[in-house]
>>> print(open('start_31.pdb').read())   # PDB, C-alpha atoms
ATOM      1  CA  ASP A   1      38.300 -59.944 -53.079
ATOM      2  CA  GLN A   2      35.276 -61.723 -51.650
ATOM      3  CA  GLN A   3      36.172 -62.498 -48.044
ATOM      4  CA  VAL A   4      32.798 -64.070 -47.261
ATOM      5  CA  LYS A   5      31.261 -66.361 -49.838
ATOM      6  CA  GLN A   6      27.909 -68.039 -50.128
ATOM      7  CA  ASN A   7      28.382 -70.286 -53.106
ATOM      8  CA  SER A   8      24.772 -71.362 -53.469
ATOM      9  CA  PRO A   9      22.613 -68.553 -54.881
ATOM     10  CA  SER A  10      19.460 -70.542 -54.228
ATOM     11  CA  LEU A  11      18.165 -73.544 -52.304
ATOM     12  CA  SER A  12      14.822 -75.310 -52.454
ATOM     13  CA  VAL A  13      13.643 -77.480 -49.544
ATOM     14  CA  GLN A  14      10.430 -79.293 -48.772
ATOM     15  CA  GLU A  15       8.405 -78.097 -45.819
ATOM     16  CA  GLY A  16       9.264 -80.005 -42.644
ATOM     17  CA  ARG A  17      12.710 -81.046 -43.850
ATOM     18  CA  ILE A  18      16.070 -79.576 -42.854
ATOM     19  CA  SER A  19      17.499 -76.537 -44.641
ATOM     20  CA  ILE A  20      21.276 -76.156 -44.622
ATOM     21  CA  LEU A  21      22.818 -72.896 -45.795
ATOM     22  CA  ASN A  22      26.565 -72.665 -46.148
ATOM     23  CA  CYS A  23      29.111 -69.872 -45.897
ATOM     24  CA  ASP A  24      32.881 -69.813 -46.351
ATOM     25  CA  TYR A  25      35.329 -67.126 -45.318
ATOM     26  CA  THR A  26      38.963 -66.423 -46.058
ATOM     27  CA  ASN A  27      40.039 -63.937 -43.396
ATOM     28  CA  SER A  28      41.451 -65.725 -40.321
ATOM     29  CA  MET A  29      40.981 -62.526 -38.287
ATOM     30  CA  PHE A  30      37.209 -62.935 -38.358
ATOM     31  CA  ASP A  31      36.017 -63.894 -34.893
ATOM     32  CA  TYR A  32      32.288 -63.235 -34.952
ATOM     33  CA  PHE A  33      29.729 -64.466 -37.421
ATOM     34  CA  LEU A  34      26.088 -63.595 -37.962
ATOM     35  CA  TRP A  35      23.181 -64.707 -40.112
ATOM     36  CA  TYR A  36      20.564 -62.269 -41.365
ATOM     37  CA  LYS A  37      17.238 -63.015 -43.012
ATOM     38  CA  LYS A  38      15.757 -60.723 -45.633
ATOM     39  CA  TYR A  39      12.320 -60.580 -47.198
ATOM     40  CA  PRO A  40      11.788 -58.696 -50.494
ATOM     41  CA  ALA A  41      11.627 -54.905 -50.171
ATOM     42  CA  GLU A  42      12.511 -55.076 -46.471
ATOM     43  CA  GLY A  43      15.698 -54.633 -44.491
ATOM     44  CA  PRO A  44      17.592 -57.688 -43.220
ATOM     45  CA  THR A  45      16.814 -58.830 -39.693
ATOM     46  CA  PHE A  46      19.244 -60.501 -37.341
ATOM     47  CA  LEU A  47      18.735 -64.233 -36.973
ATOM     48  CA  ILE A  48      21.562 -65.843 -35.017
ATOM     49  CA  SER A  49      25.257 -65.347 -34.326
ATOM     50  CA  ILE A  50      28.285 -67.265 -33.126
ATOM     51  CA  SER A  51      31.610 -66.321 -31.636
ATOM     52  CA  SER A  52      34.794 -68.056 -32.730
ATOM     53  CA  ILE A  53      35.226 -69.505 -29.245
ATOM     54  CA  LYS A  54      32.216 -71.722 -29.913
ATOM     55  CA  ASP A  55      31.483 -74.279 -32.589
ATOM     56  CA  LYS A  56      27.713 -74.353 -32.222
ATOM     57  CA  ASN A  57      24.902 -72.037 -31.220
ATOM     58  CA  GLU A  58      21.212 -72.888 -31.098
ATOM     59  CA  ASP A  59      18.098 -70.761 -31.001
ATOM     60  CA  GLY A  60      14.887 -72.684 -31.432
ATOM     61  CA  ARG A  61      14.723 -74.113 -34.950
ATOM     62  CA  PHE A  62      17.955 -72.394 -35.951
ATOM     63  CA  THR A  63      21.457 -73.723 -35.304
ATOM     64  CA  VAL A  64      24.715 -72.265 -36.566
ATOM     65  CA  PHE A  65      27.822 -74.417 -36.791
ATOM     66  CA  LEU A  66      31.337 -73.035 -37.082
ATOM     67  CA  ASN A  67      34.337 -74.995 -38.353
ATOM     68  CA  LYS A  68      37.311 -72.712 -37.835
ATOM     69  CA  SER A  69      39.870 -75.001 -39.392
ATOM     70  CA  ALA A  70      37.847 -75.146 -42.589
ATOM     71  CA  LYS A  71      36.791 -71.482 -42.343
ATOM     72  CA  HIS A  72      33.236 -72.616 -42.851
ATOM     73  CA  LEU A  73      29.934 -71.967 -41.138
ATOM     74  CA  SER A  74      26.483 -73.309 -41.771
ATOM     75  CA  LEU A  75      22.951 -72.479 -40.726
ATOM     76  CA  HIS A  76      20.541 -75.343 -40.089
ATOM     77  CA  ILE A  77      16.799 -74.764 -39.987
ATOM     78  CA  VAL A  78      14.757 -77.657 -38.622
ATOM     79  CA  PRO A  79      11.945 -78.116 -39.422
ATOM     80  CA  SER A  80      11.685 -75.762 -42.373
ATOM     81  CA  GLN A  81       8.497 -73.715 -42.612
ATOM     82  CA  PRO A  82       6.984 -71.687 -45.472
ATOM     83  CA  GLY A  83       7.749 -68.447 -43.590
ATOM     84  CA  ASP A  84      11.436 -69.312 -43.782
ATOM     85  CA  SER A  85      11.401 -68.545 -47.510
ATOM     86  CA  ALA A  86      13.713 -65.530 -47.776
ATOM     87  CA  VAL A  87      17.247 -64.510 -48.676
ATOM     88  CA  TYR A  88      19.808 -65.397 -46.021
ATOM     89  CA  PHE A  89      23.060 -63.476 -45.642
ATOM     90  CA  CYS A  90      26.017 -64.560 -43.576
ATOM     91  CA  ALA A  91      28.296 -61.859 -42.236
ATOM     92  CA  ALA A  92      31.603 -61.744 -40.399
ATOM     93  CA  SER A  93      33.629 -59.306 -38.353
ATOM     94  CA  GLY A  94      36.975 -59.439 -36.621
ATOM     95  CA  GLY A  95      39.366 -57.649 -34.293
ATOM     96  CA  GLY A  96      36.784 -55.187 -33.025
ATOM     97  CA  ALA A  97      36.310 -53.774 -36.490
ATOM     98  CA  GLN A  98      33.045 -51.948 -36.959
ATOM     99  CA  LYS A  99      32.349 -53.215 -40.428
ATOM    100  CA  LEU A 100      30.552 -56.423 -41.121
ATOM    101  CA  VAL A 101      31.512 -58.217 -44.318
ATOM    102  CA  PHE A 102      28.521 -59.837 -45.995
ATOM    103  CA  GLY A 103      28.227 -62.784 -48.309
ATOM    104  CA  GLN A 104      26.208 -62.592 -51.520
ATOM    105  CA  GLY A 105      23.152 -64.236 -50.000
ATOM    106  CA  THR A 106      21.262 -67.489 -50.604
ATOM    107  CA  ARG A 107      17.606 -67.482 -51.590
ATOM    108  CA  LEU A 108      15.802 -70.212 -49.661
ATOM    109  CA  THR A 109      12.463 -71.454 -50.934
ATOM    110  CA  ILE A 110      10.376 -73.781 -48.788
ATOM    111  CA  ASN A 111       7.960 -75.851 -50.854
ATOM    112  CA  PRO A 112       4.700 -77.134 -49.342
TER     113      PRO A 112
ATOM    114  CA  ASP B   1      10.144 -48.102 -30.131
ATOM    115  CA  GLY B   2      13.782 -47.761 -31.113
ATOM    116  CA  GLY B   3      14.731 -48.347 -34.698
ATOM    117  CA  ILE B   4      15.909 -46.981 -38.010
ATOM    118  CA  THR B   5      13.654 -45.076 -40.345
ATOM    119  CA  GLN B   6      14.429 -44.749 -44.038
ATOM    120  CA  SER B   7      12.464 -42.473 -46.293
ATOM    121  CA  PRO B   8      11.042 -42.449 -48.811
ATOM    122  CA  LYS B   9      10.295 -46.121 -49.455
ATOM    123  CA  TYR B  10      10.180 -45.547 -53.221
ATOM    124  CA  LEU B  11      11.991 -42.806 -55.106
ATOM    125  CA  PHE B  12      12.113 -41.949 -58.771
ATOM    126  CA  ARG B  13      14.878 -39.856 -60.244
ATOM    127  CA  LYS B  14      15.373 -38.359 -63.641
ATOM    128  CA  GLU B  15      18.749 -38.806 -65.232
ATOM    129  CA  GLY B  16      21.110 -35.982 -64.284
ATOM    130  CA  GLN B  17      19.418 -35.222 -60.993
ATOM    131  CA  ASN B  18      20.797 -35.598 -57.501
ATOM    132  CA  VAL B  19      18.573 -37.235 -54.905
ATOM    133  CA  THR B  20      18.951 -37.616 -51.148
ATOM    134  CA  LEU B  21      17.861 -40.653 -49.176
ATOM    135  CA  SER B  22      17.048 -40.124 -45.532
ATOM    136  CA  CYS B  23      18.151 -42.369 -42.646
ATOM    137  CA  GLU B  24      17.329 -41.606 -39.010
ATOM    138  CA  GLN B  25      17.942 -43.792 -35.938
ATOM    139  CA  ASN B  26      16.920 -43.451 -32.304
ATOM    140  CA  LEU B  27      18.960 -46.358 -30.990
ATOM    141  CA  ASN B  28      21.788 -44.145 -29.748
ATOM    142  CA  HIS B  29      24.163 -46.083 -32.004
ATOM    143  CA  ASP B  30      27.491 -44.506 -32.826
ATOM    144  CA  ALA B  31      28.068 -46.147 -36.206
ATOM    145  CA  MET B  32      25.908 -45.904 -39.298
ATOM    146  CA  TYR B  33      26.211 -47.488 -42.748
ATOM    147  CA  TRP B  34      24.799 -47.347 -46.248
ATOM    148  CA  TYR B  35      24.539 -50.456 -48.394
ATOM    149  CA  ARG B  36      23.326 -51.069 -51.891
ATOM    150  CA  GLN B  37      21.646 -54.294 -52.934
ATOM    151  CA  ASP B  38      21.488 -55.466 -56.532
ATOM    152  CA  PRO B  39      20.124 -58.824 -57.665
ATOM    153  CA  GLY B  40      22.727 -61.548 -57.204
ATOM    154  CA  GLN B  41      25.295 -59.180 -55.704
ATOM    155  CA  GLY B  42      24.446 -59.185 -52.058
ATOM    156  CA  LEU B  43      25.066 -56.145 -49.899
ATOM    157  CA  ARG B  44      27.783 -53.755 -50.974
ATOM    158  CA  LEU B  45      29.036 -51.038 -48.635
ATOM    159  CA  ILE B  46      28.814 -47.469 -49.951
ATOM    160  CA  TYR B  47      29.823 -45.321 -46.962
ATOM    161  CA  TYR B  48      30.031 -45.689 -43.216
ATOM    162  CA  SER B  49      30.425 -43.378 -40.258
ATOM    163  CA  GLN B  50      31.794 -44.297 -36.845
ATOM    164  CA  ILE B  51      31.218 -40.936 -35.218
ATOM    165  CA  VAL B  52      29.594 -37.575 -35.866
ATOM    166  CA  ASN B  53      31.359 -35.423 -38.472
ATOM    167  CA  ASP B  54      33.431 -38.353 -39.713
ATOM    168  CA  PHE B  55      32.791 -40.910 -42.440
ATOM    169  CA  GLN B  56      34.727 -43.269 -44.683
ATOM    170  CA  LYS B  57      34.261 -44.629 -48.169
ATOM    171  CA  GLY B  58      33.150 -48.181 -48.589
ATOM    172  CA  ASP B  59      33.644 -50.456 -51.564
ATOM    173  CA  ILE B  60      31.457 -48.569 -54.049
ATOM    174  CA  ALA B  61      31.515 -44.895 -52.975
ATOM    175  CA  GLU B  62      31.896 -43.358 -56.441
ATOM    176  CA  GLY B  63      28.892 -41.239 -57.350
ATOM    177  CA  TYR B  64      27.627 -41.012 -53.769
ATOM    178  CA  SER B  65      28.088 -38.535 -50.928
ATOM    179  CA  VAL B  66      27.098 -38.519 -47.260
ATOM    180  CA  SER B  67      27.085 -36.287 -44.204
ATOM    181  CA  ARG B  68      26.949 -36.997 -40.478
ATOM    182  CA  GLU B  69      26.107 -33.749 -38.728
ATOM    183  CA  LYS B  70      24.015 -35.436 -36.049
ATOM    184  CA  LYS B  71      24.374 -38.787 -34.343
ATOM    185  CA  GLU B  72      20.833 -39.737 -35.332
ATOM    186  CA  SER B  73      21.060 -38.909 -39.041
ATOM    187  CA  PHE B  74      23.130 -40.194 -41.966
ATOM    188  CA  PRO B  75      21.656 -39.019 -45.300
ATOM    189  CA  LEU B  76      22.937 -40.421 -48.588
ATOM    190  CA  THR B  77      23.003 -38.332 -51.774
ATOM    191  CA  VAL B  78      23.030 -40.178 -55.065
ATOM    192  CA  THR B  79      24.642 -37.797 -57.517
ATOM    193  CA  SER B  80      24.376 -37.590 -61.284
ATOM    194  CA  ALA B  81      27.875 -39.103 -61.406
ATOM    195  CA  GLN B  82      26.479 -42.467 -60.313
ATOM    196  CA  LYS B  83      26.104 -44.296 -63.611
ATOM    197  CA  ASN B  84      23.710 -47.005 -62.518
ATOM    198  CA  PRO B  85      21.774 -45.767 -59.500
ATOM    199  CA  THR B  86      18.709 -47.976 -59.811
ATOM    200  CA  ALA B  87      18.920 -50.279 -56.770
ATOM    201  CA  PHE B  88      17.617 -51.018 -53.302
ATOM    202  CA  TYR B  89      19.404 -48.938 -50.662
ATOM    203  CA  LEU B  90      19.727 -50.026 -47.054
ATOM    204  CA  CYS B  91      20.811 -48.009 -44.052
ATOM    205  CA  ALA B  92      22.064 -49.683 -40.883
ATOM    206  CA  SER B  93      23.467 -48.758 -37.508
ATOM    207  CA  SER B  94      25.432 -50.493 -34.781
ATOM    208  CA  PRO B  95      26.900 -49.801 -31.369
ATOM    209  CA  GLN B  96      30.572 -48.946 -31.261
ATOM    210  CA  VAL B  97      31.587 -52.525 -31.919
ATOM    211  CA  ALA B  98      29.974 -54.345 -34.839
ATOM    212  CA  ASN B  99      30.002 -57.647 -32.965
ATOM    213  CA  TYR B 100      26.590 -56.688 -31.673
ATOM    214  CA  GLY B 101      25.399 -56.739 -35.234
ATOM    215  CA  TYR B 102      23.599 -54.206 -37.314
ATOM    216  CA  THR B 103      20.050 -52.962 -37.149
ATOM    217  CA  PHE B 104      18.759 -52.262 -40.644
ATOM    218  CA  GLY B 105      16.130 -49.889 -41.923
ATOM    219  CA  SER B 106      13.401 -51.069 -44.272
ATOM    220  CA  GLY B 107      15.161 -49.717 -47.353
ATOM    221  CA  THR B 108      14.554 -47.277 -50.217
ATOM    222  CA  ARG B 109      13.966 -48.454 -53.784
ATOM    223  CA  LEU B 110      15.485 -45.897 -56.166
ATOM    224  CA  THR B 111      14.549 -46.014 -59.833
ATOM    225  CA  VAL B 112      15.955 -43.815 -62.570
ATOM    226  CA  VAL B 113      13.332 -42.834 -65.136
TER     227      VAL B 113
END
>>> encode(input="start_31.pdb", output="structure tokens")
Amino acid sequence: DQQVKQNSPSLSVQEGRISILNCDYTNSMFDYFLWYKKYPAEGPTFLISISSIKDKNEDGRFTVFLNKSAKHLSLHIVPSQPGDSAVYFCAASGGGAQKLVFGQGTRLTINP
Amino acid sequence: DGGITQSPKYLFRKEGQNVTLSCEQNLNHDAMYWYRQDPGQGLRLIYYSQIVNDFQKGDIAEGYSVSREKKESFPLTVTSAQKNPTAFYLCASSPQVANYGYTFGSGTRLTVV
């Protein structure tokens, strides 16, 4: 049972444009959401997070939006840069649980 | 600098052999985790430990074993019972509550030859 889903395995965006990565979840107990970025042969690094009491969180070029009623979150990257090319994982946790549940990842490619 | 160290970065195993992947952290985190990454399958949880001398199976624990004798260390043994061990293995740690997120190591690429 995949509780966190990233339905797009890959996404290609032109440099300077907006990248939008999507994530859906099924567990209504999830109350904290995170995005991680991963380069090949490296460990994921934390990018941005959002609590369920908010619907938006910004950090520089990165903004995460949360739609609780739709159980959907998205990561916006504006403007997209070549260094943003990586695999992006969304993750969720809830109720103080120590385990994060990860999506399958989306490979973002920024084209010059 | 605080962080997680995984070693070795690349590991080759002959069929039928057990191998142990090392994971050490100096972040004073209570919880530690092992994940496996395969192409197109994201991160799958193998084992996790919330406290010293205690650990729980994740989603794909068969063919793996772990120990947590020290807070700083959480080694993973890939046994000969693991039918398809070739993968990228990631270790992570977190404070008591995962809402602070995980800190990941740089990973170990295991290849069966």
>>> atom_distance(input="start_31.pdb", atom1="atom CA of Pro112 of chain A", atom2="atom CA of Leu11 of chain A")
14.2 Å
>>> residues_around(input="start_31.pdb", residues="Gln3 of chain A", least_positions_apart="5", cutoff="9 Å", atoms="only C-alpha atoms", output="PyMOL selection string")
chain A and resi 24-27+92+101-103
>>> atom_distance(input="start_31.pdb", atom1="atom CA of Tyr10 of chain B", atom2="atom CA of His29 of chain B")
25.4 Å
>>> closest_atom_pairs(input="start_31.pdb", of="segment 24-58 of chain B", to="segment 62-80 of chain B", cutoff="9 Å", atoms="all atoms listed in the file", output="tab-separated table")
residue	atom	partner	partner_atom	distance
B:Glu24	CA	B:Ser73	CA	4.6
B:Gln25	CA	B:Glu72	CA	5.0
B:Asn26	CA	B:Glu72	CA	6.2
B:Leu27	CA	B:Glu72	CA	8.1
B:Asn28	CA	B:Glu72	CA	7.2
B:His29	CA	B:Lys71	CA	7.7
B:Asp30	CA	B:Lys71	CA	6.7
B:Ala31	CA	B:Lys71	CA	8.4
B:Met32	CA	B:Phe74	CA	6.9
B:Tyr33	CA	B:Phe74	CA	8.0
B:Trp34	CA	B:Leu76	CA	7.5
B:Ile46	CA	B:Tyr64	CA	7.6
B:Tyr47	CA	B:Val66	CA	7.3
B:Tyr48	CA	B:Val66	CA	8.7
B:Ser49	CA	B:Arg68	CA	7.3
B:Ile51	CA	B:Lys71	CA	7.2
B:Val52	CA	B:Arg68	CA	5.3
B:Asn53	CA	B:Arg68	CA	5.1
B:Asp54	CA	B:Arg68	CA	6.7
B:Phe55	CA	B:Arg68	CA	7.3
B:Lys57	CA	B:Glu62	CA	8.7
>>> residues_around(input="start_31.pdb", residues="segment 84-91 of chain A", least_positions_apart="3", cutoff="7 Å", atoms="only C-alpha atoms", output="list in words")
Cys23, Phe33, Leu34, Trp35, Tyr36, Lys37, Lys38, Tyr39, Ser80, Gln81, Leu100, Val101, Phe102, Gly103, Gln104, Gly105, Thr106, Arg107, Leu108, Thr109 and Ile110 of chain A
